[in-house]
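Below is the file my_file_33.txt, which contains compact mmCIF, C-alpha atoms.
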```txt
# COMPACT_ATOMS: atom_id res chain seq x y z
CA MET A 9 99.74 227.20 -105.03
CA ASN A 10 96.57 228.63 -103.51
CA THR A 11 96.58 232.08 -102.04
CA MET A 12 95.45 232.58 -98.49
CA LEU A 13 93.49 235.77 -98.04
CA LEU A 14 92.91 236.84 -94.48
CA PRO A 15 89.61 238.52 -93.61
CA ALA A 16 91.58 241.65 -92.68
CA GLU A 17 92.94 241.87 -96.24
CA ILE A 18 89.47 241.61 -97.71
CA GLU A 19 88.18 244.12 -95.19
CA THR A 20 90.90 246.61 -96.12
CA LYS A 21 90.06 246.38 -99.81
CA THR A 22 86.27 246.24 -99.51
CA SER A 23 84.73 247.20 -96.16
CA VAL A 24 86.85 250.25 -95.40
CA PRO A 25 86.39 251.85 -98.84
CA ALA A 26 82.66 251.01 -98.73
CA LEU A 27 82.28 252.67 -95.34
CA ARG A 28 84.23 255.72 -96.52
CA ALA A 29 82.00 255.88 -99.59
CA LEU A 30 78.85 255.80 -97.46
CA VAL A 31 80.19 258.60 -95.25
CA ALA A 32 81.28 260.63 -98.29
CA LYS A 33 77.87 260.27 -99.94
CA ARG A 34 76.19 261.48 -96.78
CA LEU A 35 78.50 264.46 -96.41
CA VAL A 36 78.00 265.54 -100.01
CA LYS A 37 74.31 264.73 -100.53
CA GLU A 38 72.81 265.43 -97.10
CA TYR A 39 75.16 268.07 -95.71
CA HIS A 40 76.17 269.69 -99.02
CA PHE A 41 79.91 269.43 -98.41
CA SER A 42 82.10 269.96 -101.46
CA GLN A 43 84.15 267.03 -102.71
CA ASN A 44 87.32 268.84 -101.60
CA ASP A 45 86.03 269.46 -98.07
CA THR A 46 84.79 265.86 -97.85
CA ALA A 47 88.19 264.59 -98.98
CA LYS A 48 89.96 266.64 -96.31
CA LEU A 49 87.56 265.47 -93.62
CA ILE A 50 87.83 261.77 -94.52
CA GLY A 51 91.54 261.91 -95.33
CA VAL A 52 91.48 260.82 -98.96
CA THR A 53 91.89 262.62 -102.26
CA GLN A 54 89.14 264.53 -104.06
CA ALA A 55 89.46 261.95 -106.85
CA ALA A 56 88.65 259.18 -104.36
CA ILE A 57 85.53 261.10 -103.28
CA SER A 58 84.52 261.47 -106.92
CA ASN A 59 84.93 257.72 -107.39
CA TYR A 60 82.92 257.02 -104.22
CA LEU A 61 80.09 259.22 -105.48
CA ARG A 62 80.10 257.62 -108.95
CA GLY A 63 80.19 254.15 -107.45
CA THR A 64 83.46 253.14 -109.07
CA ARG A 65 85.18 252.77 -105.70
CA GLY A 66 83.83 251.45 -102.41
CA ASN A 67 80.65 250.24 -104.06
CA LEU A 68 79.32 247.46 -101.84
CA THR A 69 75.65 248.37 -101.69
CA SER A 70 74.81 245.44 -99.43
CA PHE A 71 76.61 247.16 -96.55
CA GLY A 72 74.62 250.33 -97.14
CA ASP A 73 71.38 248.35 -97.01
CA ASP A 74 72.08 247.16 -93.46
CA GLU A 75 70.32 249.34 -90.89
CA ARG A 76 73.07 248.90 -88.27
CA ILE A 77 75.71 250.03 -90.75
CA GLN A 78 73.59 253.01 -91.82
CA ASP A 79 73.17 254.04 -88.19
CA ILE A 80 76.92 253.88 -87.56
CA VAL A 81 77.65 255.74 -90.82
CA GLY A 82 75.28 258.45 -89.58
CA GLU A 83 77.13 258.59 -86.26
CA ILE A 84 80.52 258.74 -88.01
CA THR A 85 79.29 261.53 -90.27
CA THR A 86 78.00 263.56 -87.32
CA MET A 87 81.18 262.96 -85.35
CA MET A 88 83.29 264.17 -88.29
CA ILE A 89 81.19 267.30 -88.75
CA GLU A 90 81.31 268.03 -85.02
CA LYS A 91 85.08 267.42 -84.99
CA HIS A 92 85.07 264.66 -82.37
CA GLU A 93 88.32 263.05 -81.28
CA LEU A 94 89.91 261.05 -84.09
CA SER A 95 90.19 258.00 -81.84
CA ASP A 96 86.42 258.06 -81.26
CA ILE A 97 85.76 258.23 -85.01
CA ILE A 98 88.19 255.38 -85.61
CA ALA A 99 86.40 253.36 -82.92
CA LYS A 100 83.09 253.86 -84.77
CA PHE A 101 84.65 252.74 -88.07
CA ASN A 102 86.02 249.70 -86.24
CA GLU A 103 82.58 248.99 -84.77
CA ALA A 104 81.12 248.96 -88.29
CA CYS A 105 83.89 246.63 -89.46
CA SER A 106 83.18 244.31 -86.52
CA ILE A 107 79.50 244.17 -87.46
CA ILE A 108 80.42 243.40 -91.07
CA ARG A 109 82.80 240.62 -90.01
CA GLY A 110 80.65 239.18 -87.25
CA ASN A 111 77.54 239.00 -89.40
CA ARG A 112 79.33 237.19 -92.24
CA MET A 113 78.95 240.05 -94.71
CA LEU A 114 82.43 239.36 -96.11
CA CYS A 115 81.84 235.65 -96.79
CA ASP A 116 80.45 236.00 -100.33
CA ILE A 117 83.29 238.32 -101.28
CA HIS A 118 85.83 235.93 -99.74
CA LYS A 119 84.34 232.99 -101.65
CA LYS A 120 84.58 234.88 -104.96
CA LEU A 121 88.21 235.76 -104.31
CA GLU A 122 89.15 232.36 -102.92
CA PRO A 123 86.86 229.70 -104.46
CA SER A 124 88.49 226.81 -102.60
CA LEU A 125 87.44 228.23 -99.22
CA ASP A 126 84.48 226.46 -97.63
CA VAL A 127 82.75 229.57 -96.30
CA ASP A 128 79.84 227.56 -94.91
CA ASN A 129 82.18 225.90 -92.43
CA CYS A 130 84.40 228.92 -91.81
CA HIS A 131 83.59 230.84 -88.66
CA VAL A 132 86.78 232.87 -88.26
CA CYS A 133 85.08 236.26 -88.39
CA GLU A 134 82.33 235.18 -86.03
CA MET A 135 85.01 234.35 -83.45
CA ASP A 136 85.95 238.03 -83.37
CA ASN A 137 82.67 238.69 -81.57
CA ASP A 138 83.25 236.01 -78.92
CA THR A 139 85.77 238.07 -77.00
CA PRO A 140 84.68 241.16 -75.08
CA SER A 141 85.89 244.41 -76.53
CA ASN A 142 88.20 246.46 -74.38
CA SER A 143 88.47 249.25 -76.92
CA SER A 144 85.39 251.25 -76.00
CA PRO A 145 86.07 254.45 -74.06
CA SER A 146 83.94 253.27 -71.11
CA ASN A 147 86.11 250.16 -70.69
CA SER A 148 89.50 251.81 -70.92
CA SER A 149 91.36 252.85 -67.84
CA PRO A 150 93.07 256.25 -67.68
CA SER A 151 96.47 254.59 -67.98
CA ASN A 152 95.45 252.95 -71.26
CA SER A 153 93.65 255.88 -72.83
CA SER A 154 96.57 258.11 -73.82
CA PRO A 155 98.76 257.24 -76.79
CA SER A 156 102.45 256.60 -76.29
CA ASN A 157 104.96 259.04 -77.68
CA SER A 158 106.09 256.56 -80.33
CA SER A 159 102.57 256.16 -81.75
CA GLN A 160 102.14 259.92 -82.03
CA ASN A 161 104.94 260.04 -84.59
CA PHE A 162 103.48 257.30 -86.79
CA ASN A 163 101.88 258.74 -89.89
CA ILE A 164 100.29 256.73 -92.67
CA SER A 165 98.01 257.79 -95.46
CA LEU A 166 95.68 255.24 -97.05
CA LYS A 167 94.02 256.47 -100.18
```
As structure tokens, the full file:
Amino acid sequence: MNTMLLPAEIETKTSVPALRALVAKRLVKEYHFSQNDTAKLIGVTQAAISNYLRGTRGNLTSFGDDERIQDIVGEITTMMIEKHELSDIIAKFNEACSIIRGNRMLCDIHKKLEPSLDVDNCHVCEMDNDTPSNSSPSNSSPSNSSPSNSSQNFNISLK
């Protein structure tokens, strides 16, 4: 039986760690943050930061070569240092993930993990960009901008 990997699964295991690694490298190399302080800021362990810096985790250099991704990583880094609202930082991470999906940057990875997939005729991730985004702060109405009480109690840690 063939497995069916959804783009979101691949994104969780590749894009998100790669973006975190790019942010961590910037914090440590450009802003001289310690690994411990970087870990606290990003919300991962110091060991994860060490792995990001060594390239043994989150090492997808092709994402880091993309100018749009580098710009967003710079914005995320600045937002973290300036202690912006968490929801705004999450929105920037999501914007980077949308660029990665919409520009078919996951396709080669998906093909390696699922050889039977015809990535040339798959346009699932491109469809994500066909619908207008209602998640940007300028598009949200005041009634939609505050979290519900139930979501405030939800706590998850992804390392």
**Prompt:** Which residues, written as a PyMOL selection string, have at least one atom at most 9 Å from stretch 124-136 of chain A, with all atoms listed in the file counted and residues fewer than 4 positions away on the same chain left out?
**Reply:** chain A and resi 10+15+106+108-112+114-116+118-119+140
**Prompt:** Which one of A:Ala29, A:Glu90, A:Asn67, A:Gly72 sits closest to A:Val52 if you count all atoms listed in the file?
**Reply:**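 Among the listed residues, the smallest separation from A:Val52 belongs to A:Ala29.
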**Request:** Go through A:Ile50, A:Ala104, A:Lys21, A:Ile57 one by one, measure the shortest atom-to-atom distance of each to A:Glu75 using all atoms listed in the file, and give the residue with the smallest value.
**Result:**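 Looking only at the distances to A:Glu75, the closest residue turns out to be A:Ala104.
Closest approach to A:Ser58 among A:Arg28, A:Cys105, A:Phe71, A:Ile77 is made by A:Arg28 (distances from all atoms listed in the file).
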**Request:** Considering all atoms listed in the file, return as a PyMOL selection string whatever protein or nucleic-acid residues lie within 7 Å of A:Val81, sequence-local ones (same chain, fewer than 4 positions apart) excluded.
**Result:** chain A and resi 30-31+77+85
Requested write-out: C-alpha atoms of the selected residues, as a CSV table (one decimal), in the frame of the given file:
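File produced: out_32.csv:
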```csv
chain,number,residue,atom,x,y,z
A,30,LEU,CA,78.8,255.8,-97.5
A,31,VAL,CA,80.2,258.6,-95.2
A,77,ILE,CA,75.7,250.0,-90.8
A,85,THR,CA,79.3,261.5,-90.3
```
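For the pair atom CA of A:Gln78 and atom CA of A:Thr22, the separation is 16.3 Å.
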**Asked** Hey, can you check how far atom CA of A:Tyr39 sits from atom CA of A:Thr86?
**Response**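 Computing it gives 9.9 Å between the two atoms.
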**Prompt:** For the atom pair atom CA of A:Ile107 and atom CA of A:Lys48, what is the interatomic distance in Å to one decimal place?
**Reply:** 26.3 Å
